[in-house]
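So this block is model-v1.cif, mmCIF, C-alpha atoms:
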```cif
data_work
loop_
_atom_site.group_PDB
_atom_site.id
_atom_site.type_symbol
_atom_site.label_atom_id
_atom_site.label_comp_id
_atom_site.auth_asym_id
_atom_site.auth_seq_id
_atom_site.Cartn_x
_atom_site.Cartn_y
_atom_site.Cartn_z
ATOM 1 C CA MET F 1 10.563 -9.625 0.010
ATOM 2 C CA GLY F 2 7.345 -10.376 -1.887
ATOM 3 C CA ALA F 3 6.898 -11.436 -5.508
ATOM 4 C CA GLY F 4 3.518 -9.874 -6.224
ATOM 5 C CA ALA F 5 3.000 -7.139 -8.796
ATOM 6 C CA TRP F 6 4.574 -4.366 -6.707
ATOM 7 C CA GLY F 7 7.568 -6.418 -5.558
ATOM 8 C CA THR F 8 8.192 -7.689 -9.090
ATOM 9 C CA ALA F 9 7.923 -4.161 -10.506
ATOM 10 C CA LEU F 10 10.475 -2.818 -8.024
ATOM 11 C CA ALA F 11 12.837 -5.723 -8.732
ATOM 12 C CA TRP F 12 12.552 -4.945 -12.447
ATOM 13 C CA LEU F 13 13.046 -1.216 -11.865
ATOM 14 C CA TRP F 14 16.109 -1.544 -9.665
ATOM 15 C CA GLY F 15 17.581 -4.513 -11.512
ATOM 16 C CA LYS F 16 17.381 -3.278 -15.095
ATOM 17 C CA ASN F 17 20.596 -1.278 -14.758
ATOM 18 C CA GLY F 18 22.549 -4.317 -13.579
ATOM 19 C CA ARG F 19 22.101 -4.047 -9.803
ATOM 20 C CA GLU F 20 22.152 -7.405 -8.025
ATOM 21 C CA ILE F 21 18.648 -8.019 -6.686
ATOM 22 C CA SER F 22 17.139 -11.026 -4.918
ATOM 23 C CA LEU F 23 13.371 -11.311 -5.354
ATOM 24 C CA TRP F 24 11.918 -13.581 -2.677
ATOM 25 C CA GLY F 25 8.517 -15.226 -3.016
ATOM 26 C CA HIS F 26 6.771 -17.674 -0.695
ATOM 27 C CA ASN F 27 5.075 -19.687 -3.481
ATOM 28 C CA VAL F 28 7.677 -22.244 -4.551
ATOM 29 C CA GLY F 29 5.841 -23.190 -7.736
ATOM 30 C CA ARG F 30 5.527 -19.563 -8.854
ATOM 31 C CA VAL F 31 9.164 -18.886 -8.017
ATOM 32 C CA GLU F 32 10.309 -21.868 -10.093
ATOM 33 C CA HIS F 33 8.202 -20.685 -13.020
ATOM 34 C CA ILE F 34 9.680 -17.185 -12.818
ATOM 35 C CA GLN F 35 13.180 -18.673 -12.634
ATOM 36 C CA LYS F 36 12.590 -20.573 -15.880
ATOM 37 C CA THR F 37 10.697 -17.932 -17.849
ATOM 38 C CA ARG F 38 11.952 -14.676 -16.209
ATOM 39 C CA GLU F 39 8.295 -13.617 -16.196
ATOM 40 C CA ASN F 40 5.748 -13.311 -13.372
ATOM 41 C CA ARG F 41 2.707 -14.228 -15.442
ATOM 42 C CA ASP F 42 0.319 -14.182 -12.476
ATOM 43 C CA TYR F 43 0.935 -10.513 -11.721
ATOM 44 C CA LEU F 44 2.896 -8.799 -14.515
ATOM 45 C CA PRO F 45 2.532 -10.846 -17.694
ATOM 46 C CA GLY F 46 4.779 -9.866 -20.570
ATOM 47 C CA ILE F 47 7.469 -8.273 -18.387
ATOM 48 C CA LYS F 48 10.847 -10.032 -18.458
ATOM 49 C CA LEU F 49 12.997 -9.684 -15.365
ATOM 50 C CA PRO F 50 16.640 -8.717 -15.942
ATOM 51 C CA ARG F 51 19.274 -11.423 -15.433
ATOM 52 C CA SER F 52 20.641 -9.426 -12.508
ATOM 53 C CA VAL F 53 17.474 -10.337 -10.568
ATOM 54 C CA ASP F 54 17.807 -13.660 -8.772
ATOM 55 C CA VAL F 55 14.432 -15.186 -7.884
ATOM 56 C CA THR F 56 14.301 -17.354 -4.774
ATOM 57 C CA SER F 57 12.005 -18.933 -2.208
ATOM 58 C CA GLU F 58 14.798 -19.312 0.368
ATOM 59 C CA LEU F 59 14.909 -16.626 3.043
ATOM 60 C CA GLY F 60 18.573 -17.375 3.656
ATOM 61 C CA ASP F 61 19.389 -16.005 0.200
ATOM 62 C CA CYS F 62 18.552 -12.533 1.509
ATOM 63 C CA ALA F 63 20.947 -12.692 4.463
ATOM 64 C CA GLY F 64 23.779 -10.625 2.990
ATOM 65 C CA ALA F 65 21.725 -7.802 1.498
ATOM 66 C CA ASP F 66 22.582 -4.169 2.227
ATOM 67 C CA LEU F 67 18.945 -3.184 1.696
ATOM 68 C CA ILE F 68 15.937 -5.382 2.450
ATOM 69 C CA VAL F 69 12.675 -4.194 0.903
ATOM 70 C CA PHE F 70 9.394 -5.499 2.328
ATOM 71 C CA VAL F 71 6.633 -5.711 -0.291
ATOM 72 C CA THR F 72 4.481 -8.393 1.342
ATOM 73 C CA PRO F 73 0.774 -8.146 2.141
ATOM 74 C CA SER F 74 0.328 -6.207 5.380
ATOM 75 C CA THR F 75 -1.410 -9.157 7.044
ATOM 76 C CA VAL F 76 1.724 -11.345 6.818
ATOM 77 C CA LEU F 77 4.517 -8.797 7.220
ATOM 78 C CA ARG F 78 5.024 -9.577 10.910
ATOM 79 C CA GLN F 79 5.152 -13.314 10.237
ATOM 80 C CA ILE F 80 7.688 -13.013 7.425
ATOM 81 C CA ALA F 81 9.805 -10.471 9.311
ATOM 82 C CA ASN F 82 9.968 -12.837 12.292
ATOM 83 C CA ARG F 83 11.089 -15.674 10.015
ATOM 84 C CA LEU F 84 13.691 -13.461 8.361
ATOM 85 C CA GLN F 85 15.135 -12.267 11.657
ATOM 86 C CA ARG F 86 17.389 -15.283 12.171
ATOM 87 C CA PHE F 87 18.845 -15.033 8.664
ATOM 88 C CA ILE F 88 19.915 -11.382 8.529
ATOM 89 C CA GLY F 89 23.694 -11.321 8.702
ATOM 90 C CA LYS F 90 24.350 -7.566 8.497
ATOM 91 C CA SER F 91 23.391 -5.345 11.411
ATOM 92 C CA ASP F 92 23.827 -2.261 9.220
ATOM 93 C CA ALA F 93 21.342 -3.443 6.581
ATOM 94 C CA VAL F 94 18.618 -0.878 5.919
ATOM 95 C CA LEU F 95 15.003 -2.094 6.018
ATOM 96 C CA LEU F 96 12.582 -0.380 3.626
ATOM 97 C CA SER F 97 8.833 -0.972 3.910
ATOM 98 C CA CYS F 98 6.855 -0.647 0.679
ATOM 99 C CA THR F 99 3.837 -2.376 2.246
ATOM 100 C CA LYS F 100 0.743 -0.214 2.747
ATOM 101 C CA GLY F 101 -1.413 -1.213 5.679
ATOM 102 C CA ILE F 102 -2.235 -1.025 9.383
ATOM 103 C CA GLU F 103 -2.041 -4.111 11.563
ATOM 104 C CA HIS F 104 -5.343 -5.494 12.848
ATOM 105 C CA GLN F 105 -5.943 -5.072 16.613
ATOM 106 C CA THR F 106 -2.578 -3.404 17.366
ATOM 107 C CA GLY F 107 -3.099 -0.465 14.982
ATOM 108 C CA MET F 108 0.636 -0.550 14.244
ATOM 109 C CA ARG F 109 2.145 0.791 11.047
ATOM 110 C CA MET F 110 4.453 -1.461 9.042
ATOM 111 C CA SER F 111 7.618 0.367 10.095
ATOM 112 C CA GLU F 112 6.566 0.008 13.741
ATOM 113 C CA ILE F 113 6.328 -3.750 13.302
ATOM 114 C CA LEU F 114 9.779 -3.825 11.715
ATOM 115 C CA ARG F 115 11.157 -1.618 14.481
ATOM 116 C CA GLU F 116 9.815 -4.009 17.096
ATOM 117 C CA ILE F 117 11.443 -7.025 15.409
ATOM 118 C CA PHE F 118 14.650 -5.308 14.232
ATOM 119 C CA PRO F 119 15.388 -2.657 16.896
ATOM 120 C CA ASP F 120 19.006 -2.071 15.783
ATOM 121 C CA HIS F 121 18.368 -1.436 12.085
ATOM 122 C CA ARG F 122 17.629 1.783 10.227
ATOM 123 C CA ILE F 123 14.079 1.626 8.904
ATOM 124 C CA ALA F 124 12.437 3.649 6.143
ATOM 125 C CA ALA F 125 9.142 3.608 4.262
ATOM 126 C CA LEU F 126 8.331 4.214 0.592
ATOM 127 C CA SER F 127 4.883 5.310 -0.507
ATOM 128 C CA GLY F 128 3.226 7.296 -3.276
ATOM 129 C CA PRO F 129 1.010 7.095 -6.361
ATOM 130 C CA ASN F 130 2.861 4.114 -7.840
ATOM 131 C CA LEU F 131 0.832 1.681 -9.949
ATOM 132 C CA ALA F 132 3.040 -1.343 -10.623
ATOM 133 C CA VAL F 133 1.932 -1.794 -14.229
ATOM 134 C CA GLU F 134 2.938 1.775 -15.087
ATOM 135 C CA ILE F 135 6.320 1.373 -13.390
ATOM 136 C CA VAL F 136 7.233 -1.536 -15.696
ATOM 137 C CA GLN F 137 6.017 0.459 -18.701
ATOM 138 C CA ASP F 138 8.764 2.931 -17.744
ATOM 139 C CA LEU F 139 6.238 5.749 -17.375
ATOM 140 C CA PRO F 140 7.304 8.696 -15.176
ATOM 141 C CA THR F 141 6.255 8.480 -11.553
ATOM 142 C CA ALA F 142 7.132 10.027 -8.210
ATOM 143 C CA THR F 143 7.232 8.666 -4.687
ATOM 144 C CA VAL F 144 8.408 9.495 -1.162
ATOM 145 C CA ILE F 145 10.979 7.786 1.027
ATOM 146 C CA ALA F 146 10.491 8.684 4.677
ATOM 147 C CA CYS F 147 12.983 8.001 7.440
ATOM 148 C CA ASP F 148 13.856 9.513 10.807
ATOM 149 C CA ASP F 149 17.491 9.485 9.634
ATOM 150 C CA VAL F 150 17.821 12.212 6.993
ATOM 151 C CA ASP F 151 21.144 10.854 5.698
ATOM 152 C CA CYS F 152 19.634 7.393 5.242
ATOM 153 C CA ALA F 153 16.673 8.786 3.272
ATOM 154 C CA THR F 154 19.013 10.846 1.087
ATOM 155 C CA THR F 155 21.223 7.832 0.399
ATOM 156 C CA LEU F 156 18.241 5.709 -0.596
ATOM 157 C CA GLN F 157 17.015 8.552 -2.801
ATOM 158 C CA GLY F 158 20.327 8.577 -4.670
ATOM 159 C CA VAL F 159 20.556 4.801 -5.009
ATOM 160 C CA LEU F 160 16.946 4.005 -5.918
ATOM 161 C CA GLY F 161 15.774 7.112 -7.745
ATOM 162 C CA SER F 162 15.991 7.847 -11.456
ATOM 163 C CA SER F 163 14.576 10.223 -14.054
ATOM 164 C CA ARG F 164 11.574 7.896 -14.443
ATOM 165 C CA PHE F 165 11.220 7.101 -10.734
ATOM 166 C CA ARG F 166 11.569 10.439 -8.979
ATOM 167 C CA ILE F 167 12.028 10.143 -5.230
ATOM 168 C CA TYR F 168 11.366 12.838 -2.659
ATOM 169 C CA THR F 169 12.550 12.497 0.937
ATOM 170 C CA SER F 170 10.718 13.156 4.172
ATOM 171 C CA GLN F 171 11.131 12.700 7.899
ATOM 172 C CA GLU F 172 7.339 12.403 8.315
ATOM 173 C CA ILE F 173 7.309 8.607 8.340
ATOM 174 C CA VAL F 174 4.026 8.428 10.286
ATOM 175 C CA SER F 175 2.175 10.573 7.753
ATOM 176 C CA VAL F 176 3.717 8.888 4.726
ATOM 177 C CA GLU F 177 2.751 5.419 5.956
ATOM 178 C CA LEU F 178 -0.748 6.359 7.090
ATOM 179 C CA GLY F 179 -1.472 8.203 3.850
ATOM 180 C CA GLY F 180 -0.463 5.149 1.829
ATOM 181 C CA ALA F 181 -2.526 2.818 3.997
ATOM 182 C CA LEU F 182 -5.732 4.801 4.519
ATOM 183 C CA LYS F 183 -6.159 5.835 0.876
ATOM 184 C CA ASN F 184 -6.992 2.203 0.043
ATOM 185 C CA VAL F 185 -10.119 2.393 2.216
ATOM 186 C CA PHE F 186 -11.335 5.449 0.333
ATOM 187 C CA ALA F 187 -10.470 3.863 -3.023
ATOM 188 C CA LEU F 188 -12.937 1.102 -2.150
ATOM 189 C CA ALA F 189 -15.579 3.754 -1.450
ATOM 190 C CA ALA F 190 -14.792 5.526 -4.730
ATOM 191 C CA GLY F 191 -15.103 2.236 -6.584
ATOM 192 C CA ILE F 192 -18.491 1.620 -4.967
ATOM 193 C CA SER F 193 -19.554 5.077 -6.143
ATOM 194 C CA ASP F 194 -18.585 4.162 -9.703
ATOM 195 C CA GLY F 195 -20.286 0.784 -9.432
ATOM 196 C CA LEU F 196 -23.490 2.555 -8.380
ATOM 197 C CA LYS F 197 -23.055 5.001 -11.312
ATOM 198 C CA LEU F 198 -23.373 8.048 -9.081
ATOM 199 C CA GLY F 199 -21.571 10.359 -11.496
ATOM 200 C CA ASP F 200 -18.549 12.651 -11.428
ATOM 201 C CA ASN F 201 -19.995 15.314 -9.104
ATOM 202 C CA SER F 202 -20.693 12.733 -6.437
ATOM 203 C CA LYS F 203 -17.289 11.100 -6.800
ATOM 204 C CA ALA F 204 -15.426 14.409 -6.596
ATOM 205 C CA ALA F 205 -17.285 15.225 -3.379
ATOM 206 C CA LEU F 206 -16.558 11.757 -1.992
ATOM 207 C CA VAL F 207 -12.830 11.967 -2.725
ATOM 208 C CA THR F 208 -12.590 15.468 -1.251
ATOM 209 C CA ARG F 209 -14.356 14.421 1.940
ATOM 210 C CA SER F 210 -12.198 11.287 1.999
ATOM 211 C CA LEU F 211 -9.095 13.457 2.118
ATOM 212 C CA ALA F 212 -10.588 15.428 5.029
ATOM 213 C CA GLU F 213 -11.310 12.179 6.847
ATOM 214 C CA LEU F 214 -7.845 10.796 6.078
ATOM 215 C CA VAL F 215 -6.239 13.916 7.545
ATOM 216 C CA ARG F 216 -8.500 13.842 10.623
ATOM 217 C CA LEU F 217 -7.664 10.236 11.461
ATOM 218 C CA GLY F 218 -4.046 10.535 10.382
ATOM 219 C CA VAL F 219 -3.372 13.512 12.637
ATOM 220 C CA ALA F 220 -5.057 11.762 15.585
ATOM 221 C CA MET F 221 -2.710 8.804 14.970
ATOM 222 C CA GLY F 222 0.354 11.035 15.155
ATOM 223 C CA GLY F 223 0.749 12.335 11.604
ATOM 224 C CA ASN F 224 1.433 15.844 10.348
ATOM 225 C CA ALA F 225 -1.539 17.469 8.600
ATOM 226 C CA ASN F 226 0.504 19.179 5.877
ATOM 227 C CA ALA F 227 2.272 15.953 4.942
ATOM 228 C CA PHE F 228 -1.043 14.323 4.022
ATOM 229 C CA TYR F 229 -1.404 16.775 1.140
ATOM 230 C CA GLY F 230 1.713 15.346 -0.484
ATOM 231 C CA LEU F 231 2.399 12.392 -2.774
ATOM 232 C CA SER F 232 1.668 9.660 -0.246
ATOM 233 C CA GLY F 233 -1.582 11.257 0.908
ATOM 234 C CA ALA F 234 -3.465 13.292 -1.688
ATOM 235 C CA GLY F 235 -1.384 11.942 -4.579
ATOM 236 C CA ASP F 236 -1.956 8.290 -3.784
ATOM 237 C CA LEU F 237 -5.600 8.967 -2.924
ATOM 238 C CA ILE F 238 -6.212 10.473 -6.360
ATOM 239 C CA VAL F 239 -4.679 7.644 -8.354
ATOM 240 C CA THR F 240 -6.304 4.826 -6.388
ATOM 241 C CA CYS F 241 -9.741 6.456 -6.410
ATOM 242 C CA TYR F 242 -9.725 7.177 -10.149
ATOM 243 C CA SER F 243 -7.588 4.548 -11.870
ATOM 244 C CA GLU F 244 -9.139 1.451 -13.399
ATOM 245 C CA ARG F 245 -5.774 -0.192 -12.644
ATOM 246 C CA SER F 246 -6.290 0.272 -8.909
ATOM 247 C CA ARG F 247 -7.053 -3.061 -7.254
ATOM 248 C CA ASN F 248 -9.020 -1.446 -4.438
ATOM 249 C CA HIS F 249 -11.064 0.703 -6.797
ATOM 250 C CA THR F 250 -11.885 -2.426 -8.808
ATOM 251 C CA VAL F 251 -13.083 -4.292 -5.708
ATOM 252 C CA GLY F 252 -15.284 -1.336 -4.747
ATOM 253 C CA LYS F 253 -16.716 -1.066 -8.239
ATOM 254 C CA ARG F 254 -17.687 -4.739 -8.234
ATOM 255 C CA LEU F 255 -19.266 -4.325 -4.792
ATOM 256 C CA GLY F 256 -21.256 -1.370 -6.100
ATOM 257 C CA ARG F 257 -22.513 -3.517 -8.963
ATOM 258 C CA GLY F 258 -23.861 -6.025 -6.465
ATOM 259 C CA GLU F 259 -21.225 -8.781 -6.413
ATOM 260 C CA PRO F 260 -20.672 -10.490 -3.046
ATOM 261 C CA LEU F 261 -17.301 -9.787 -1.451
ATOM 262 C CA SER F 262 -16.551 -13.507 -1.156
ATOM 263 C CA ASN F 263 -16.939 -13.949 -4.915
ATOM 264 C CA ILE F 264 -14.738 -10.946 -5.633
ATOM 265 C CA THR F 265 -11.862 -12.041 -3.387
ATOM 266 C CA ALA F 266 -12.066 -15.636 -4.636
ATOM 267 C CA SER F 267 -11.559 -14.407 -8.200
ATOM 268 C CA MET F 268 -8.424 -12.380 -7.356
ATOM 269 C CA LYS F 269 -4.835 -13.601 -7.191
ATOM 270 C CA ALA F 270 -3.687 -10.545 -5.257
ATOM 271 C CA ILE F 271 -4.896 -9.022 -2.012
ATOM 272 C CA ALA F 272 -6.704 -5.678 -2.061
ATOM 273 C CA GLU F 273 -5.124 -3.994 0.967
ATOM 274 C CA GLY F 274 -8.175 -1.806 1.494
ATOM 275 C CA ILE F 275 -10.126 -4.805 2.800
ATOM 276 C CA PRO F 276 -8.011 -5.532 5.921
ATOM 277 C CA THR F 277 -7.071 -1.853 6.311
ATOM 278 C CA THR F 278 -10.734 -0.841 6.531
ATOM 279 C CA ARG F 279 -11.123 -3.021 9.607
ATOM 280 C CA SER F 280 -7.908 -1.671 11.156
ATOM 281 C CA ALA F 281 -8.840 1.959 10.403
ATOM 282 C CA TRP F 282 -12.321 1.440 11.832
ATOM 283 C CA GLU F 283 -10.787 0.013 15.031
ATOM 284 C CA CYS F 284 -8.346 2.937 15.318
ATOM 285 C CA ALA F 285 -11.140 5.470 14.875
ATOM 286 C CA ARG F 286 -13.192 3.766 17.592
ATOM 287 C CA ARG F 287 -10.255 3.848 20.018
ATOM 288 C CA LEU F 288 -9.701 7.545 19.284
ATOM 289 C CA ASN F 289 -13.436 8.381 19.412
ATOM 290 C CA LEU F 290 -13.314 10.028 15.984
ATOM 291 C CA ALA F 291 -16.083 10.608 13.460
ATOM 292 C CA THR F 292 -15.127 8.711 10.285
ATOM 293 C CA PRO F 293 -18.386 8.308 8.333
ATOM 294 C CA ILE F 294 -16.835 7.065 5.071
ATOM 295 C CA ILE F 295 -14.638 4.517 6.827
ATOM 296 C CA ASP F 296 -17.650 3.451 8.917
ATOM 297 C CA GLN F 297 -19.790 2.763 5.853
ATOM 298 C CA ALA F 298 -16.951 0.986 4.027
ATOM 299 C CA TYR F 299 -16.596 -1.208 7.121
ATOM 300 C CA ALA F 300 -20.348 -1.866 7.174
ATOM 301 C CA VAL F 301 -20.309 -2.988 3.532
ATOM 302 C CA LEU F 302 -17.253 -5.234 3.981
ATOM 303 C CA TYR F 303 -17.866 -6.687 7.446
ATOM 304 C CA GLU F 304 -21.536 -6.205 8.318
ATOM 305 C CA GLU F 305 -23.112 -7.144 4.957
ATOM 306 C CA GLU F 306 -24.517 -3.654 4.478
ATOM 307 C CA LYS F 307 -25.795 -3.098 0.950
ATOM 308 C CA PRO F 308 -23.791 -0.383 -0.863
ATOM 309 C CA ILE F 309 -26.937 1.606 -1.673
ATOM 310 C CA ALA F 310 -27.941 1.537 2.009
ATOM 311 C CA ALA F 311 -24.466 2.734 3.018
ATOM 312 C CA LEU F 312 -24.825 5.578 0.529
ATOM 313 C CA GLU F 313 -28.177 6.630 1.962
ATOM 314 C CA LYS F 314 -26.693 6.778 5.464
ATOM 315 C CA LEU F 315 -23.947 9.097 4.237
ATOM 316 C CA LEU F 316 -26.435 11.341 2.426
ATOM 317 C CA ARG F 317 -28.700 11.597 5.460
ATOM 318 C CA ARG F 318 -25.926 12.951 7.675
ATOM 319 C CA GLU F 319 -26.465 16.393 9.163
ATOM 320 C CA GLN F 320 -25.240 19.222 6.921
ATOM 321 C CA LYS F 321 -22.387 21.207 8.473
ATOM 322 C CA PRO F 322 -19.557 23.681 7.734
ATOM 323 C CA GLU F 323 -17.075 22.235 5.231
ATOM 324 C CA GLN F 324 -13.999 22.374 7.470
ATOM 325 C CA SER F 325 -15.486 20.211 10.215
#
```
In structure tokens, write the structure found in this file.
Amino acid sequence: MGAGAWGTALAWLWGKNGREISLWGHNVGRVEHIQKTRENRDYLPGIKLPRSVDVTSELGDCAGADLIVFVTPSTVLRQIANRLQRFIGKSDAVLLSCTKGIEHQTGMRMSEILREIFPDHRIAALSGPNLAVEIVQDLPTATVIACDDVDCATTLQGVLGSSRFRIYTSQEIVSVELGGALKNVFALAAGISDGLKLGDNSKAALVTRSLAELVRLGVAMGGNANAFYGLSGAGDLIVTCYSERSRNHTVGKRLGRGEPLSNITASMKAIAEGIPTTRSAWECARRLNLATPIIDQAYAVLYEEEKPIAALEKLLRREQKPEQS
């Protein structure tokens, strides 16, 4: 469910060995183009989808699936899940969220939204340092599938994993989802640091303190501290903060160079999840009365028109303290 770069990459990955996959996209024109060319030129140009992947814009085509994978933007997952609800024909279908975000105002994780809409289904989440463009280059990567049901996670691991897409299992679904969502906020901050040309020392300090902040907020939201040091937390944080292929890092870098946010988003086909997630994370921190200085300054830049250099100065002027606080 979702024909962006990530959804297309997963369809390619799981369809290249002949598995029957339906790739659903909401944009009828794009879907028709992919049907004709077998290529999603808007998001993954040059990558041909296997013939086993059926591309559709009809939700009803997904009704008989054993596994339904949500790869939509976080801001529309609830809407699409509600629309899909009346089409699902199998009560034993497993729902797997690959969407990384936190819902605005409710503070709900993606699996919580799915649980609310599909209370009788088994629900899992996949998250990790997984850049779509490297997946379709068949480069080795690793990820985590988290589910309360250990047997379900193990089954998905066996079905979806491979030597090039190594899957680990976890029962820490809260931590896995929050790690994958919150790292996008810090990737924006890391991009701003690069856009301001602050250097490697500064960026290393920023990423390290970002991990501390991620753990602080994640634990307050119900996560397990140790789990945030795994693939979906520290692993995903590293790749999104340092990779030039990271959408959120790119947005931050352009902000640091002085481009207005409106210009940046208007020039992008895809959504940078860090933008809506920053607002959601900021709201969650306020409700929990937590100190989240990096999230606060990212929010100020995105939503209060704070200049990146001014946000930096506010961080640097903070009181010096013991590292573990």
(request) Apply the PyMOL selection byres ((chain F and resi 67) around 10) to the displayed file and report the matching residues as a list of chain:residue names. (result)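 When the PyMOL selection byres ((chain F and resi 67) around 10) is applied, the selected residues are F:Ile21, F:Cys62, F:Gly64, F:Ala65, F:Asp66, F:Ile68, F:Val69, F:Phe70, F:Lys90, F:Asp92, F:Ala93, F:Val94, F:Leu95, F:Leu96, F:Arg122, F:Ile123, F:Leu156.
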Could you save those same residues with C-alpha atoms as an mmCIF file, in the coordinates of the input?
```
data_model
loop_
_atom_site.group_PDB
_atom_site.id
_atom_site.type_symbol
_atom_site.label_atom_id
_atom_site.label_comp_id
_atom_site.auth_asym_id
_atom_site.auth_seq_id
_atom_site.Cartn_x
_atom_site.Cartn_y
_atom_site.Cartn_z
ATOM 1 C CA ILE F 21 18.648 -8.019 -6.686
ATOM 2 C CA CYS F 62 18.552 -12.533 1.509
ATOM 3 C CA GLY F 64 23.779 -10.625 2.990
ATOM 4 C CA ALA F 65 21.725 -7.802 1.498
ATOM 5 C CA ASP F 66 22.582 -4.169 2.227
ATOM 6 C CA ILE F 68 15.937 -5.382 2.450
ATOM 7 C CA VAL F 69 12.675 -4.194 0.903
ATOM 8 C CA PHE F 70 9.394 -5.499 2.328
ATOM 9 C CA LYS F 90 24.350 -7.566 8.497
ATOM 10 C CA ASP F 92 23.827 -2.261 9.220
ATOM 11 C CA ALA F 93 21.342 -3.443 6.581
ATOM 12 C CA VAL F 94 18.618 -0.878 5.919
ATOM 13 C CA LEU F 95 15.003 -2.094 6.018
ATOM 14 C CA LEU F 96 12.582 -0.380 3.626
ATOM 15 C CA ARG F 122 17.629 1.783 10.227
ATOM 16 C CA ILE F 123 14.079 1.626 8.904
ATOM 17 C CA LEU F 156 18.241 5.709 -0.596
#
```
(request) Evaluate the PyMOL selection byres ((chain F and resi 288) around 12) here and jot the selected residues down as a list of chain:residue names. (result)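 Taken over the shown coordinates, the PyMOL selection byres ((chain F and resi 288) around 12) returns F:Gly107, F:Arg216, F:Leu217, F:Gly218, F:Val219, F:Ala220, F:Met221, F:Gly222, F:Ala281, F:Trp282, F:Glu283, F:Cys284, F:Ala285, F:Arg286, F:Arg287, F:Asn289, F:Leu290, F:Ala291, F:Thr292.
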(message) Please report the interatomic distance between CA of Gln105 in chain F and CA of Leu214 in chain F in Å with one decimal.
(response)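 Separation of CA of Gln105 in chain F and CA of Leu214 in chain F: 19.1 Å.
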(request) Write out as a list in words each polymer residue whose atoms come within 12 Å of range 15-18 of chain F, counting all atoms listed in the file; drop sequence neighbours fewer than 4 positions from it. (result)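 Listed by chain and then number, they are Gly7, Thr8, Ala9, Leu10, Ala11, Ser22, Leu23, Ile47, Lys48, Leu49, Pro50, Arg51, Ser52, Val53, Asp54, Val55, Val136, Asp138, Val159, Leu160, Gly161 and Ser162 of chain F.
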(message) Evaluate the PyMOL selection byres ((chain F and resi 233) around 8) against this structure - the residues, as a list in words, please.
(response)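 Going through the file, the PyMOL selection byres ((chain F and resi 233) around 8) ends up selecting Gly128, Ser175, Val176, Leu178, Gly179, Gly180, Lys183, Leu211, Ala227, Phe228, Tyr229, Gly230, Leu231, Ser232, Ala234, Gly235, Asp236 and Leu237 of chain F.
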(request) Go through F:Ala225, F:Val76, F:Ala204, F:Cys98 and flag the residue nearest Thr143 in chain F, using all atoms listed in the file for the distances. (result)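 Going through F:Ala225, F:Val76, F:Ala204, F:Cys98 one by one, the smallest distance to Thr143 in chain F is for F:Cys98.
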(request) May I ask for the distance between CA of Glu305 in chain F and CA of Lys100 in chain F, given in Å to one decimal place? (result)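 Spanning CA of Glu305 in chain F to CA of Lys100 in chain F is a straight-line distance of 24.9 Å.
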(request) Taking (11.2, -18.8, -3.1) in the file's own coordinates, collect the residues within 9 Å, counting only C-alpha atoms, and hand them back as a list of chain:residue names. (result) F:Ala3, F:Leu23, F:Trp24, F:Gly25, F:His26, F:Asn27, F:Val28, F:Gly29, F:Arg30, F:Val31, F:Glu32, F:Val55, F:Thr56, F:Ser57, F:Glu58, F:Leu59
Export, as a JSON list (two decimals), keeping the file's coordinate frame, the selected residues with C-alpha atoms.
```json
[["chain", "number", "residue", "atom", "x", "y", "z"],
["F", 3, "ALA", "CA", 6.90, -11.44, -5.51],
["F", 23, "LEU", "CA", 13.37, -11.31, -5.35],
["F", 24, "TRP", "CA", 11.92, -13.58, -2.68],
["F", 25, "GLY", "CA", 8.52, -15.23, -3.02],
["F", 26, "HIS", "CA", 6.77, -17.67, -0.70],
["F", 27, "ASN", "CA", 5.08, -19.69, -3.48],
["F", 28, "VAL", "CA", 7.68, -22.24, -4.55],
["F", 29, "GLY", "CA", 5.84, -23.19, -7.74],
["F", 30, "ARG", "CA", 5.53, -19.56, -8.85],
["F", 31, "VAL", "CA", 9.16, -18.89, -8.02],
["F", 32, "GLU", "CA", 10.31, -21.87, -10.09],
["F", 55, "VAL", "CA", 14.43, -15.19, -7.88],
["F", 56, "THR", "CA", 14.30, -17.35, -4.77],
["F", 57, "SER", "CA", 12.00, -18.93, -2.21],
["F", 58, "GLU", "CA", 14.80, -19.31, 0.37],
["F", 59, "LEU", "CA", 14.91, -16.63, 3.04]]
```
(request) For Ala190 in chain F, work out the shell of residues within 6 Å, counting all atoms listed in the file and skipping chain neighbours fewer than 3 positions away, then give it as an NGL selection string. (result) :F and (187 or 193 or 241)
(message) Which residue is closest to Val185 in chain F? Choose from F:Thr208, F:Gln157, F:Thr240, F:Gln320 and count only C-alpha atoms.
(response)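 Closest to Val185 in chain F of all the choices is F:Thr240.
Taking only C-alpha atoms into account, Thr277 in chain F lies nearest to F:Asn184 out of the set F:Thr169, F:Ile117, F:Ala142, F:Asn184.
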(message) Under the rule that only C-alpha atoms are counted, which of F:Asn82, F:Asn263, F:Gln297, F:Ser97 is the nearest residue to Glu116 in chain F?
(response) F:Asn82
(request) Measure the distance from CA of Arg257 in chain F to CA of Leu315 in chain F in Å and round it to one decimal. (result)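 Separating CA of Arg257 in chain F from CA of Leu315 in chain F is a distance of 18.3 Å.
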(request) Check the smallest atom-to-atom distance from each of F:Trp14, F:Tyr242, F:Tyr168, F:Tyr299 to Thr154 in chain F using only C-alpha atoms, then report the winner. (result)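 When distances to Thr154 in chain F are compared using only C-alpha atoms, the smallest one comes from F:Tyr168.
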Given 6 Å on each side, where is the centre and what are the edge lengths in Å to one decimal of the axis-aligned box enclosing the listed atoms of range 289-299 of chain F, as lines of an AutoDock Vina configuration file?
```
center_x = -16.6
center_y = 4.7
center_z = 11.7
size_x = 18.5
size_y = 23.8
size_z = 27.4
```
Exercise: Tyr303 in chain F partners within 10 Å, only C-alpha atoms, chain neighbours under 4 positions left out, as a short mmCIF file (atom, residue, chain, number, x, y, z; two decimals) with C-alpha atoms, keeping the file's coordinate frame:
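This went into result12.cif:
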```
data_model
loop_
_atom_site.label_atom_id
_atom_site.label_comp_id
_atom_site.auth_asym_id
_atom_site.auth_seq_id
_atom_site.Cartn_x
_atom_site.Cartn_y
_atom_site.Cartn_z
CA LEU F 261 -17.30 -9.79 -1.45
CA ILE F 275 -10.13 -4.80 2.80
CA THR F 278 -10.73 -0.84 6.53
CA ARG F 279 -11.12 -3.02 9.61
CA GLN F 297 -19.79 2.76 5.85
CA ALA F 298 -16.95 0.99 4.03
CA TYR F 299 -16.60 -1.21 7.12
#
```
